[in-house]
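K.L.:
Below is the file protein.cif, which contains mmCIF, C-alpha atoms.
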```cif
data_target
loop_
_atom_site.label_atom_id
_atom_site.label_comp_id
_atom_site.auth_asym_id
_atom_site.auth_seq_id
_atom_site.Cartn_x
_atom_site.Cartn_y
_atom_site.Cartn_z
CA MET A 1462 0.00 0.00 0.00
CA ALA A 1463 1.33 3.39 -0.92
CA GLN A 1464 1.99 5.54 2.10
CA PRO A 1465 -0.44 8.50 2.29
CA LYS A 1466 1.04 11.93 2.72
CA ALA A 1467 -0.10 14.48 5.25
CA ALA A 1468 -2.04 17.18 3.43
CA SER A 1469 -0.95 19.88 5.87
CA ALA A 1470 2.15 19.41 8.01
CA ALA A 1471 1.41 22.56 9.97
CA ALA A 1472 -2.17 21.60 10.83
CA GLN A 1473 -1.38 17.92 11.62
CA LEU A 1474 -4.81 16.43 12.06
CA SER A 1475 -5.76 12.76 12.27
CA LEU A 1476 -9.37 11.95 11.34
CA ALA A 1477 -12.48 11.67 13.52
CA ALA A 1478 -15.51 12.05 11.33
CA SER A 1479 -18.14 10.19 9.50
CA ALA A 1480 -17.71 10.03 5.82
CA CYS A 1481 -19.07 8.19 2.92
CA ILE A 1482 -22.23 7.60 1.07
CA ALA A 1483 -22.15 5.27 -1.89
CA GLY A 1484 -24.85 4.48 -4.40
CA ALA A 1485 -27.39 2.06 -3.03
CA GLU A 1486 -29.29 -0.05 -5.52
CA ALA A 1487 -32.57 1.61 -4.54
CA ALA A 1488 -31.37 5.18 -5.16
CA ALA A 1489 -30.24 7.08 -8.20
CA MET A 1490 -27.31 9.45 -8.18
CA VAL A 1491 -27.53 13.17 -8.79
CA GLY A 1492 -24.49 15.42 -8.92
CA ARG A 1493 -23.61 18.43 -6.85
CA GLU A 1494 -20.15 19.89 -7.29
CA GLY A 1495 -19.09 16.57 -8.78
CA ALA A 1496 -20.05 14.57 -5.70
CA PRO A 1497 -22.73 11.85 -5.75
CA ALA A 1498 -26.11 12.53 -4.20
CA MET A 1499 -29.18 10.41 -3.72
CA VAL A 1500 -32.61 10.99 -5.14
CA ALA A 1501 -35.40 10.83 -2.60
CA ALA A 1502 -36.66 7.41 -1.62
CA ALA A 1503 -39.63 6.47 0.56
CA ALA A 1504 -37.36 4.80 3.11
CA MET A 1505 -34.64 6.53 5.07
CA VAL A 1506 -31.05 5.38 4.65
CA VAL A 1507 -29.65 2.83 7.13
CA PHE A 1508 -25.97 2.90 8.14
CA GLY A 1509 -24.38 -0.05 9.98
CA HIS A 1510 -22.47 1.45 12.94
CA ARG A 1511 -18.85 0.23 12.84
CA GLY A 1512 -20.07 -2.47 10.48
CA LYS A 1513 -22.77 -4.69 11.94
CA GLY A 1514 -22.82 -2.75 15.22
CA MET A 1515 -20.43 -1.51 17.86
CA ASN A 1516 -19.10 -3.84 20.57
CA ALA A 1517 -20.59 -2.76 23.91
CA LEU A 1518 -18.50 -5.11 26.04
CA GLY A 1519 -20.18 -3.98 29.26
CA SER A 1520 -23.68 -4.64 27.92
CA ALA A 1521 -25.80 -7.69 28.70
CA ASP A 1522 -27.17 -7.62 25.14
CA PRO A 1523 -25.37 -10.38 23.16
CA ARG A 1524 -26.22 -8.66 19.87
CA LEU A 1525 -23.66 -5.98 20.76
CA ARG A 1526 -20.92 -8.61 20.98
CA GLU A 1527 -21.89 -10.60 17.90
CA VAL A 1528 -18.98 -9.72 15.60
CA LYS A 1529 -15.80 -7.67 16.02
CA GLU A 1530 -16.60 -4.02 15.23
CA ASN A 1531 -14.64 -2.16 12.55
CA SER A 1532 -13.47 -5.40 10.95
CA LEU A 1533 -13.85 -6.81 7.46
CA ARG A 1534 -16.02 -9.57 8.88
CA SER A 1535 -18.34 -7.00 10.42
CA PHE A 1536 -18.53 -4.98 7.19
CA HIS A 1537 -19.31 -8.11 5.18
CA ALA A 1538 -21.98 -9.13 7.70
CA ALA A 1539 -23.65 -5.72 7.48
CA ALA A 1540 -23.49 -5.80 3.69
CA ARG A 1541 -25.49 -9.04 3.70
CA VAL A 1542 -28.37 -7.44 5.63
CA ALA A 1543 -31.18 -6.40 3.30
CA GLY A 1544 -31.84 -2.69 3.50
CA VAL A 1545 -28.38 -1.62 4.69
CA SER A 1546 -26.89 0.85 2.23
CA TYR A 1547 -23.78 2.01 4.12
CA VAL A 1548 -21.39 1.05 6.88
CA GLU A 1549 -19.81 3.57 9.25
CA PHE A 1550 -16.28 3.05 10.54
CA ASP A 1551 -13.40 4.90 12.18
CA VAL A 1552 -10.08 5.76 10.55
CA GLN A 1553 -6.85 6.78 12.29
CA VAL A 1554 -3.32 7.18 10.93
CA THR A 1555 -0.41 5.14 12.26
CA LYS A 1556 2.95 6.67 13.11
CA ASP A 1557 4.34 5.59 9.75
CA GLY A 1558 1.43 7.10 7.83
CA TYR A 1559 -1.02 4.27 7.15
CA PRO A 1560 -4.79 4.74 7.60
CA VAL A 1561 -6.20 1.96 9.79
CA ILE A 1562 -9.70 1.23 11.05
CA PHE A 1563 -10.10 1.47 14.83
CA HIS A 1564 -12.39 3.53 17.04
CA ASP A 1565 -10.63 4.05 20.38
CA ASP A 1566 -7.71 6.45 20.78
CA PHE A 1567 -5.82 3.85 22.85
CA ILE A 1568 -5.36 0.14 22.25
CA PHE A 1569 -4.76 -2.18 25.22
CA THR A 1570 -3.10 -5.56 25.80
CA GLU A 1571 -1.76 -7.61 28.69
CA GLN A 1572 1.98 -8.00 29.12
CA ASP A 1573 3.71 -9.79 32.00
CA GLY A 1574 0.44 -9.74 33.92
CA GLU A 1575 0.01 -5.97 33.53
CA ILE A 1576 -2.52 -4.13 31.37
CA CYS A 1577 -0.78 -1.59 29.15
CA GLY A 1578 -2.16 0.80 26.56
CA ARG A 1579 -0.69 2.76 23.69
CA ARG A 1580 -2.09 5.52 21.52
CA VAL A 1581 -2.95 4.12 18.11
CA THR A 1582 -1.29 7.02 16.30
CA ASP A 1583 1.98 6.25 18.15
CA LEU A 1584 2.13 2.76 16.63
CA ARG A 1585 3.67 1.63 13.35
CA LEU A 1586 1.37 -0.34 11.06
CA ASP A 1587 3.00 -3.68 11.92
CA GLU A 1588 2.67 -2.94 15.64
CA PHE A 1589 -1.01 -2.06 15.28
CA LEU A 1590 -1.81 -5.20 13.31
CA SER A 1591 -0.04 -7.37 15.92
CA TYR A 1592 -3.00 -6.96 18.32
CA GLY A 1593 -5.79 -9.53 18.35
CA PRO A 1594 -6.38 -12.39 15.88
CA GLN A 1595 -3.91 -12.63 13.02
CA LYS A 1596 -4.66 -13.15 9.35
CA ASP A 1597 -1.85 -15.70 9.34
CA GLN A 1598 -3.33 -18.26 11.74
CA SER A 1599 0.08 -19.73 12.39
CA LYS A 1600 0.93 -16.56 14.31
CA ALA A 1601 -0.39 -15.53 17.71
CA GLY A 1602 -1.40 -11.93 18.21
CA LYS A 1603 -1.26 -9.92 21.41
CA PRO A 1604 -4.40 -10.34 23.54
CA LEU A 1605 -6.70 -7.40 22.86
CA PHE A 1606 -8.38 -5.47 25.70
CA ARG A 1607 -10.67 -2.44 25.75
CA LYS A 1608 -11.14 0.38 28.24
CA LEU A 1609 -14.83 0.99 28.98
CA ASN A 1610 -16.42 4.34 29.76
CA ASP A 1611 -16.52 3.48 33.46
CA GLY A 1612 -12.75 2.99 33.50
CA ARG A 1613 -12.70 -0.81 33.56
CA VAL A 1614 -10.37 -2.58 31.15
CA VAL A 1615 -11.81 -5.87 29.87
CA ARG A 1616 -10.80 -8.52 27.39
CA TRP A 1617 -12.26 -7.80 23.96
CA ASP A 1618 -14.32 -10.98 23.63
CA VAL A 1619 -16.92 -11.30 20.88
CA GLN A 1620 -18.77 -14.24 19.37
CA SER A 1621 -17.14 -13.84 15.94
CA ASP A 1622 -13.66 -12.34 16.11
CA ASP A 1623 -11.54 -10.99 13.28
CA ALA A 1624 -8.19 -9.32 12.63
CA LEU A 1625 -7.68 -5.57 12.71
CA CYS A 1626 -7.64 -4.05 9.24
CA THR A 1627 -6.52 -1.08 7.16
CA LEU A 1628 -8.58 1.40 5.19
CA GLN A 1629 -7.23 0.05 1.92
CA GLU A 1630 -8.41 -3.46 2.80
CA ALA A 1631 -11.91 -2.13 3.36
CA LEU A 1632 -11.90 -0.07 0.17
CA ASP A 1633 -10.67 -3.02 -1.87
CA GLY A 1634 -12.51 -5.87 -0.16
CA VAL A 1635 -16.01 -4.74 0.82
CA ASP A 1636 -18.90 -5.09 -1.62
CA ARG A 1637 -18.99 -1.87 -3.65
CA ARG A 1638 -22.77 -1.83 -3.44
CA VAL A 1639 -22.25 -0.67 0.14
CA GLY A 1640 -21.26 2.93 0.77
CA PHE A 1641 -18.82 4.10 3.42
CA ASN A 1642 -19.44 6.56 6.23
CA VAL A 1643 -15.84 7.05 7.34
CA GLU A 1644 -15.34 8.53 10.80
CA LEU A 1645 -11.93 10.13 10.70
CA LYS A 1646 -10.27 10.29 14.11
CA PHE A 1647 -8.25 13.44 14.66
CA ASP A 1648 -4.88 13.40 16.31
CA ASP A 1649 -1.89 14.04 14.07
CA ASP A 1650 -2.29 13.86 10.28
CA VAL A 1651 -4.83 14.41 7.56
CA VAL A 1652 -5.73 11.23 5.72
CA VAL A 1653 -6.02 11.51 1.95
CA PHE A 1654 -7.79 8.64 0.27
CA GLU A 1655 -5.81 7.01 -2.51
CA HIS A 1656 -7.84 3.86 -2.99
CA ALA A 1657 -11.45 5.00 -3.15
CA LYS A 1658 -11.69 4.32 -6.90
CA GLU A 1659 -15.32 4.63 -7.98
CA ARG A 1660 -16.75 4.29 -4.47
CA PRO A 1661 -18.49 7.54 -3.45
CA ILE A 1662 -17.30 8.92 -0.11
CA PHE A 1663 -18.01 11.86 2.15
CA PHE A 1664 -15.99 13.14 5.11
CA SER A 1665 -17.07 14.73 8.37
CA SER A 1666 -15.76 15.52 11.80
CA PHE A 1667 -16.72 16.56 15.31
CA GLN A 1668 -13.94 19.17 15.06
CA PRO A 1669 -15.22 22.32 13.29
CA ASP A 1670 -11.86 23.44 11.96
CA ALA A 1671 -10.97 19.95 10.79
CA ALA A 1672 -14.22 19.72 8.81
CA ARG A 1673 -13.50 23.09 7.19
CA ILE A 1674 -9.94 22.05 6.35
CA MET A 1675 -11.14 18.83 4.74
CA ARG A 1676 -13.52 20.88 2.59
CA LYS A 1677 -10.74 23.28 1.57
CA LEU A 1678 -8.29 20.49 0.78
CA GLN A 1679 -10.58 18.85 -1.76
CA ASP A 1680 -13.95 19.28 -3.43
CA ARG A 1681 -14.42 15.79 -4.83
CA TYR A 1682 -16.05 14.36 -1.71
CA PRO A 1683 -18.70 16.10 0.43
CA VAL A 1684 -17.91 16.98 4.05
CA TYR A 1685 -20.37 16.70 6.94
CA PHE A 1686 -20.17 18.13 10.46
CA LEU A 1687 -20.72 15.77 13.39
CA THR A 1688 -22.39 17.31 16.42
CA LYS A 1689 -23.95 16.32 19.72
CA GLY A 1690 -26.37 19.18 19.15
CA GLY A 1691 -26.32 20.46 22.73
CA THR A 1692 -26.64 17.10 24.49
CA GLN A 1693 -23.09 17.71 25.71
CA VAL A 1694 -21.42 21.08 26.28
CA PHE A 1695 -18.01 21.99 24.84
CA ALA A 1696 -15.77 25.03 25.15
CA ASP A 1697 -16.12 25.60 21.40
CA GLU A 1698 -19.59 27.12 20.96
CA ARG A 1699 -19.74 25.86 17.38
CA ARG A 1700 -20.22 22.36 18.80
CA ASN A 1701 -23.06 23.17 21.20
CA SER A 1702 -26.22 23.42 19.10
CA LEU A 1703 -27.86 22.49 15.83
CA GLU A 1704 -28.17 26.20 15.04
CA ALA A 1705 -24.40 26.62 15.38
CA ALA A 1706 -23.89 23.52 13.21
CA VAL A 1707 -26.03 25.04 10.46
CA LYS A 1708 -24.01 28.27 10.54
CA LEU A 1709 -20.75 26.34 10.38
CA CYS A 1710 -21.90 24.22 7.45
CA VAL A 1711 -23.20 27.16 5.45
CA ALA A 1712 -20.10 29.27 6.09
CA GLY A 1713 -17.71 26.43 5.30
CA GLY A 1714 -19.51 24.98 2.29
CA LEU A 1715 -20.20 21.68 4.08
CA ARG A 1716 -22.85 19.31 2.76
CA GLY A 1717 -24.77 18.42 5.90
CA ILE A 1718 -25.01 17.53 9.59
CA VAL A 1719 -24.68 14.24 11.49
CA SER A 1720 -26.38 14.84 14.84
CA GLU A 1721 -27.01 12.91 18.03
CA ALA A 1722 -30.59 11.68 17.64
CA ARG A 1723 -31.69 13.12 21.00
CA ALA A 1724 -30.81 16.63 19.84
CA VAL A 1725 -33.04 16.29 16.79
CA LEU A 1726 -35.95 14.83 18.78
CA ARG A 1727 -35.64 17.65 21.29
CA GLN A 1728 -35.71 20.29 18.55
CA PRO A 1729 -37.82 19.05 15.62
CA SER A 1730 -38.19 22.63 14.37
CA ALA A 1731 -34.44 22.65 13.66
CA ILE A 1732 -34.99 20.20 10.82
CA GLY A 1733 -36.80 22.85 8.79
CA ARG A 1734 -33.92 25.27 9.26
CA ILE A 1735 -31.42 22.61 8.28
CA LYS A 1736 -33.30 21.85 5.08
CA GLU A 1737 -33.87 25.53 4.30
CA ALA A 1738 -30.08 25.93 4.45
CA GLY A 1739 -29.74 23.27 1.74
CA LEU A 1740 -28.22 20.69 4.10
CA SER A 1741 -28.98 17.02 4.60
CA LEU A 1742 -29.35 15.44 8.04
CA LEU A 1743 -28.21 12.11 9.45
CA THR A 1744 -28.38 10.98 13.09
CA TYR A 1745 -26.54 8.59 15.40
CA GLY A 1746 -26.97 7.39 18.98
CA GLN A 1747 -28.59 4.68 21.08
CA LEU A 1748 -32.13 5.86 20.28
CA ASN A 1749 -31.48 4.79 16.69
CA ASN A 1750 -31.67 1.18 17.88
CA VAL A 1751 -35.37 1.72 18.74
CA PRO A 1752 -37.58 1.20 15.65
CA LYS A 1753 -40.26 3.69 16.72
CA ALA A 1754 -37.64 6.36 17.37
CA VAL A 1755 -36.32 5.80 13.84
CA TYR A 1756 -39.87 5.91 12.50
CA LEU A 1757 -40.50 9.25 14.22
CA GLN A 1758 -37.31 10.63 12.69
CA GLN A 1759 -38.43 9.48 9.28
CA LEU A 1760 -41.72 11.35 9.75
CA MET A 1761 -39.78 14.43 10.87
CA GLY A 1762 -37.57 14.45 7.77
CA VAL A 1763 -34.30 12.87 8.91
CA ASP A 1764 -32.51 11.45 5.88
CA GLY A 1765 -30.52 8.58 7.41
CA VAL A 1766 -29.72 6.79 10.66
CA ILE A 1767 -26.51 5.18 11.94
CA VAL A 1768 -27.44 2.07 13.94
CA ASP A 1769 -25.95 -0.82 15.92
CA LEU A 1770 -28.85 -3.28 15.63
CA VAL A 1771 -28.39 -3.38 11.89
CA ALA A 1772 -30.72 -6.22 10.92
CA GLU A 1773 -33.55 -5.12 13.21
CA ILE A 1774 -33.56 -1.47 12.14
CA ALA A 1775 -33.05 -2.24 8.45
CA ALA A 1776 -36.06 -4.57 8.59
CA ALA A 1777 -38.12 -1.92 10.38
CA VAL A 1778 -37.21 0.77 7.84
CA SER A 1779 -38.11 -1.61 5.00
CA GLU A 1780 -41.44 -2.19 6.73
CA PHE A 1781 -42.03 1.56 6.94
CA ALA A 1782 -41.27 1.93 3.24
CA ALA A 1783 -43.48 -1.00 2.21
CA ALA A 1784 -46.38 0.30 4.27
CA ALA A 1785 -45.92 3.80 2.87
CA ALA A 1786 -45.86 2.49 -0.68
CA ALA A 1787 -49.05 0.53 -0.05
CA ALA A 1788 -50.77 3.47 1.66
CA VAL A 1789 -49.93 6.44 -0.56
CA PRO A 1790 -48.25 6.97 -3.94
CA VAL A 1791 -44.94 8.82 -3.90
CA PRO A 1792 -45.65 12.21 -5.49
CA GLU A 1793 -43.66 13.72 -8.32
CA ARG A 1794 -40.62 15.64 -7.13
CA ASP A 1795 -40.46 19.37 -7.63
CA SER A 1796 -38.49 22.26 -6.18
CA SER A 1797 -40.86 22.65 -3.25
CA SER A 1798 -41.44 19.05 -2.23
CA SER A 1799 -38.78 18.66 0.47
CA TYR A 1800 -40.07 17.91 3.94
CA MET A 1801 -40.64 20.80 6.33
CA ASP A 1802 -40.32 23.36 3.51
CA GLY A 1803 -36.68 22.53 2.84
CA GLY A 1804 -37.20 22.93 -0.89
CA GLY A 1805 -34.91 22.14 -3.79
CA ASP A 1806 -31.64 20.28 -3.59
CA VAL A 1807 -30.87 19.38 0.01
CA GLY A 1808 -27.52 17.77 -0.50
CA LEU A 1809 -26.20 14.25 -0.54
CA LEU A 1810 -29.48 12.83 0.74
CA GLU A 1811 -32.68 14.48 -0.37
CA THR A 1812 -35.89 14.20 1.60
CA THR A 1813 -39.34 13.20 0.43
CA SER A 1814 -42.61 15.00 0.84
CA PRO A 1815 -44.61 14.65 4.07
CA ALA A 1816 -47.07 12.34 2.33
CA ALA A 1817 -44.32 9.95 1.34
CA ARG A 1818 -43.10 9.82 4.94
CA THR A 1819 -46.19 8.06 6.31
CA THR A 1820 -46.65 4.42 7.13
CA ALA A 1821 -49.38 2.11 8.30
CA SER A 1822 -47.04 0.49 10.81
CA PHE A 1823 -47.90 2.84 13.68
CA SER A 1824 -50.90 5.05 14.30
CA ARG A 1825 -50.50 8.78 14.92
CA ARG A 1826 -51.90 8.24 18.43
CA GLU A 1827 -49.11 5.71 19.07
CA ASP A 1828 -46.55 8.14 17.63
CA VAL A 1829 -47.55 10.91 20.02
CA SER A 1830 -47.77 8.54 22.98
CA PHE A 1831 -44.31 7.12 22.27
CA LEU A 1832 -42.76 10.57 21.91
CA LEU A 1833 -44.31 11.66 25.21
CA ARG A 1834 -42.83 8.62 26.94
CA LEU A 1835 -39.43 9.52 25.50
CA THR A 1836 -39.63 13.16 26.58
CA PRO A 1837 -38.20 12.78 30.13
CA GLU A 1838 -35.13 10.98 28.81
CA LEU A 1839 -34.69 13.48 25.99
CA VAL A 1840 -34.89 16.44 28.38
CA GLN A 1841 -32.21 14.86 30.57
#
```
Spit out the file's structure as structure tokens when you get a sec.
P.N.:
Amino acid sequence: MAQPKAASAAAQLSLAASACIAGAEAAAMVGREGAPAMVAAAAMVVFGHRGKGMNALGSADPRLREVKENSLRSFHAAARVAGVSYVEFDVQVTKDGYPVIFHDDFIFTEQDGEICGRRVTDLRLDEFLSYGPQKDQSKAGKPLFRKLNDGRVVRWDVQSDDALCTLQEALDGVDRRVGFNVELKFDDDVVVFEHAKERPIFFSSFQPDAARIMRKLQDRYPVYFLTKGGTQVFADERRNSLEAAVKLCVAGGLRGIVSEARAVLRQPSAIGRIKEAGLSLLTYGQLNNVPKAVYLQQLMGVDGVIVDLVAEIAAAVSEFAAAAAAAVPVPERDSSSSYMDGGGDVGLLETTSPAARTTASFSRREDVSFLLRLTPELVQ
């Protein structure tokens, strides 16, 4: 693999964003500044989080330990799920300049009875790949551990394990029907894709300046801004609200927003402002593993969801689409048909009209009741 070069030695950024939408079989492509976009479809777009779902090693839910996250095996498993158009994964750059797929900033192992951790970006490629199962089964890798949010360090045990992998392996080996939402982890260098070929990609980041830099460095791939939308407070005010995210995207020429789902459900009126600004909207978070929460977002005009329970949510979204198709015809598109008066071209993912975003799966009374039950959690 050719070694990628840092695009800006002075700004040394690693990559922490979500990036990549490829053409799904159910959607047609429309261009905007040379980047692919998707024509409206009745169903929202489903992204497999870190492949077929993240590994929540402290959870009692076995589905969250089914297959090693951010691995080729997980990407292949997600690609086999009907209704999944994209997989989301995390890219960092090793000390010697190779983009690898791994979420956490630190990687842990056990050595001489002691748990020790190293920053991923401080490792050479060969050192990084020496953790966990090895592609060459005649070799033994270092035992792989993970630090949980509560501070515990546990062995990274899953039902179906796999070796760590590089970005190039994913670009070359995963079914090209599946798009990539690449979360670029920021630390030291800017990753420049050299192996994307015909696969459409978009970049995004939680770091406002990094997102703007990625947009300035290239205009082939769209750039999205990741935000918690006010569910967590940061020193940088640009990260603290959906309104600030809209301003950042418009000022920096970004394509859209990837928001924590709770922020969107707390502020449904923000969706109209996002669409009026010509931006598309994706969401992530634990609520996206609840079918009715995804359904509500579809009604509200959210364009896509990043999920862990890939098969369950993909099936639910397909059900929504089938019910909608049976209930009402999808109207002809025109410049004023975007949901919540967005109008016109809304970016990589376009929205459908309100009529197209209905389904017989749940009644309106159930919708309101469910949202009211969610309200206390959303407020917190």
K.L.:
For a test of reading the model, state the distance in Å between CA of Arg1585 in chain A and CA of Lys1556 in chain A, rounded to one decimal.
P.N.:
5.1 Å
K.L.:
For the file shown, what are the residues hit by the PyMOL selection byres ((chain A and resi 1752-1768) around 6), laid out as a list in words?
P.N.:
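Applying the PyMOL selection byres ((chain A and resi 1752-1768) around 6) to the structure shown produces Met1505, Val1506, Val1507, Phe1508, Gly1509, His1510, Leu1742, Leu1743, Thr1744, Tyr1745, Asn1749, Asn1750, Val1751, Asp1769, Leu1770, Val1771, Ile1774, Tyr1800 and Arg1818 of chain A.
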K.L.:
Name the residues that the PyMOL selection byres ((chain A and resi 1578-1582) around 6) pulls out of this structure, and write them as a PyMOL selection string.
P.N.:
chain A and resi 1554-1556+1566-1569+1577+1583-1584
K.L.:
My list of candidates is A:Pro1594, A:Gln1728, A:Ala1539, A:Glu1549. Which is closest to Phe1641 in chain A when distances are computed with all atoms listed in the file?
P.N.:
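Of A:Pro1594, A:Gln1728, A:Ala1539, A:Glu1549, the one nearest Phe1641 in chain A, counting all atoms listed in the file, is A:Glu1549.
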K.L.:
What does the structure give for the distance between CA of Val1707 in chain A and CA of Ser1666 in chain A, in Å to one decimal?
P.N.:
14.1 Å
K.L.:
List the spatial neighbours of Glu1698 in chain A as a compact mmCIF listing (two decimals) with C-alpha atoms, keeping the file's coordinate frame - criterion: any atom at most 12 Å away, all atoms listed in the file, same-chain residues fewer than 4 positions off excluded.
P.N.:
```txt
# COMPACT_ATOMS: atom_id res chain seq x y z
CA GLN A 1668 -13.94 19.17 15.06
CA PRO A 1669 -15.22 22.32 13.29
CA THR A 1688 -22.39 17.31 16.42
CA LYS A 1689 -23.95 16.32 19.72
CA GLY A 1690 -26.37 19.18 19.15
CA GLY A 1691 -26.32 20.46 22.73
CA GLN A 1693 -23.09 17.71 25.71
CA VAL A 1694 -21.42 21.08 26.28
CA SER A 1702 -26.22 23.42 19.10
CA LEU A 1703 -27.86 22.49 15.83
CA GLU A 1704 -28.17 26.20 15.04
CA ALA A 1705 -24.40 26.62 15.38
CA ALA A 1706 -23.89 23.52 13.21
CA LYS A 1708 -24.01 28.27 10.54
CA LEU A 1709 -20.75 26.34 10.38
```
K.L.:
Starting from the PyMOL selection byres ((chain A and resi 1631) around 10), expand the selection into actual residues of this file and give them as number ranges by chain.
P.N.:
A: 1531-1533, 1536-1537, 1550, 1561-1562, 1626-1630, 1632-1637, 1641, 1656-1657
K.L.:
Let's have the selection written as a PDB file, keeping the file's coordinate frame, with C-alpha atoms.
P.N.:
```pdb
ATOM      1  CA  ASN A1531     -14.640  -2.160  12.550  1.00  0.00           C
ATOM      2  CA  SER A1532     -13.470  -5.400  10.950  1.00  0.00           C
ATOM      3  CA  LEU A1533     -13.850  -6.810   7.460  1.00  0.00           C
ATOM      4  CA  PHE A1536     -18.530  -4.980   7.190  1.00  0.00           C
ATOM      5  CA  HIS A1537     -19.310  -8.110   5.180  1.00  0.00           C
ATOM      6  CA  PHE A1550     -16.280   3.050  10.540  1.00  0.00           C
ATOM      7  CA  VAL A1561      -6.200   1.960   9.790  1.00  0.00           C
ATOM      8  CA  ILE A1562      -9.700   1.230  11.050  1.00  0.00           C
ATOM      9  CA  CYS A1626      -7.640  -4.050   9.240  1.00  0.00           C
ATOM     10  CA  THR A1627      -6.520  -1.080   7.160  1.00  0.00           C
ATOM     11  CA  LEU A1628      -8.580   1.400   5.190  1.00  0.00           C
ATOM     12  CA  GLN A1629      -7.230   0.050   1.920  1.00  0.00           C
ATOM     13  CA  GLU A1630      -8.410  -3.460   2.800  1.00  0.00           C
ATOM     14  CA  LEU A1632     -11.900  -0.070   0.170  1.00  0.00           C
ATOM     15  CA  ASP A1633     -10.670  -3.020  -1.870  1.00  0.00           C
ATOM     16  CA  GLY A1634     -12.510  -5.870  -0.160  1.00  0.00           C
ATOM     17  CA  VAL A1635     -16.010  -4.740   0.820  1.00  0.00           C
ATOM     18  CA  ASP A1636     -18.900  -5.090  -1.620  1.00  0.00           C
ATOM     19  CA  ARG A1637     -18.990  -1.870  -3.650  1.00  0.00           C
ATOM     20  CA  PHE A1641     -18.820   4.100   3.420  1.00  0.00           C
ATOM     21  CA  HIS A1656      -7.840   3.860  -2.990  1.00  0.00           C
ATOM     22  CA  ALA A1657     -11.450   5.000  -3.150  1.00  0.00           C
TER      23      ALA A1657
END
```
K.L.:
Given the choices A:Lys1608, A:Tyr1559, A:Pro1683, A:Leu1625, which gets closest to Gln1595 in chain A if the distance is worked out from all atoms listed in the file?
P.N.:
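The closest residue to Gln1595 in chain A is A:Leu1625.
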K.L.:
If I take CA of Asp1587 in chain A and CA of Gly1612 in chain A, how far is one from the other in Å, to one decimal?
P.N.:
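A separation of 27.5 Å between them.
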K.L.:
Taking all listed atoms of range 1533-1543 of chain A, build the axis-aligned box, pad each of the six sides by 8 Å, then write its centre and edge lengths in Å to one decimal as AutoDock Vina command-line options.
P.N.:
```
--center_x -22.5 --center_y -7.3 --center_z 6.9 --size_x 33.3 --size_y 20.6 --size_z 23.1
```
K.L.:
Give me, as a list in words, all polymer residues having an atom no more than 12 Å from Glu1575 in chain A, counting all atoms listed in the file and skipping those fewer than 5 positions away in the same chain.
P.N.:
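In the requested format, the answer is Phe1569, Thr1570, Pro1604, Phe1606 and Val1614 of chain A.
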K.L.:
Just want the 10 Å neighbourhood of Lys1677 in chain A, counted on all atoms listed in the file, with same-chain residues fewer than 3 positions away dropped. Output as a VMD selection string.
P.N.:
chain A and resid 1671 to 1674 1680 1684 1713 to 1715
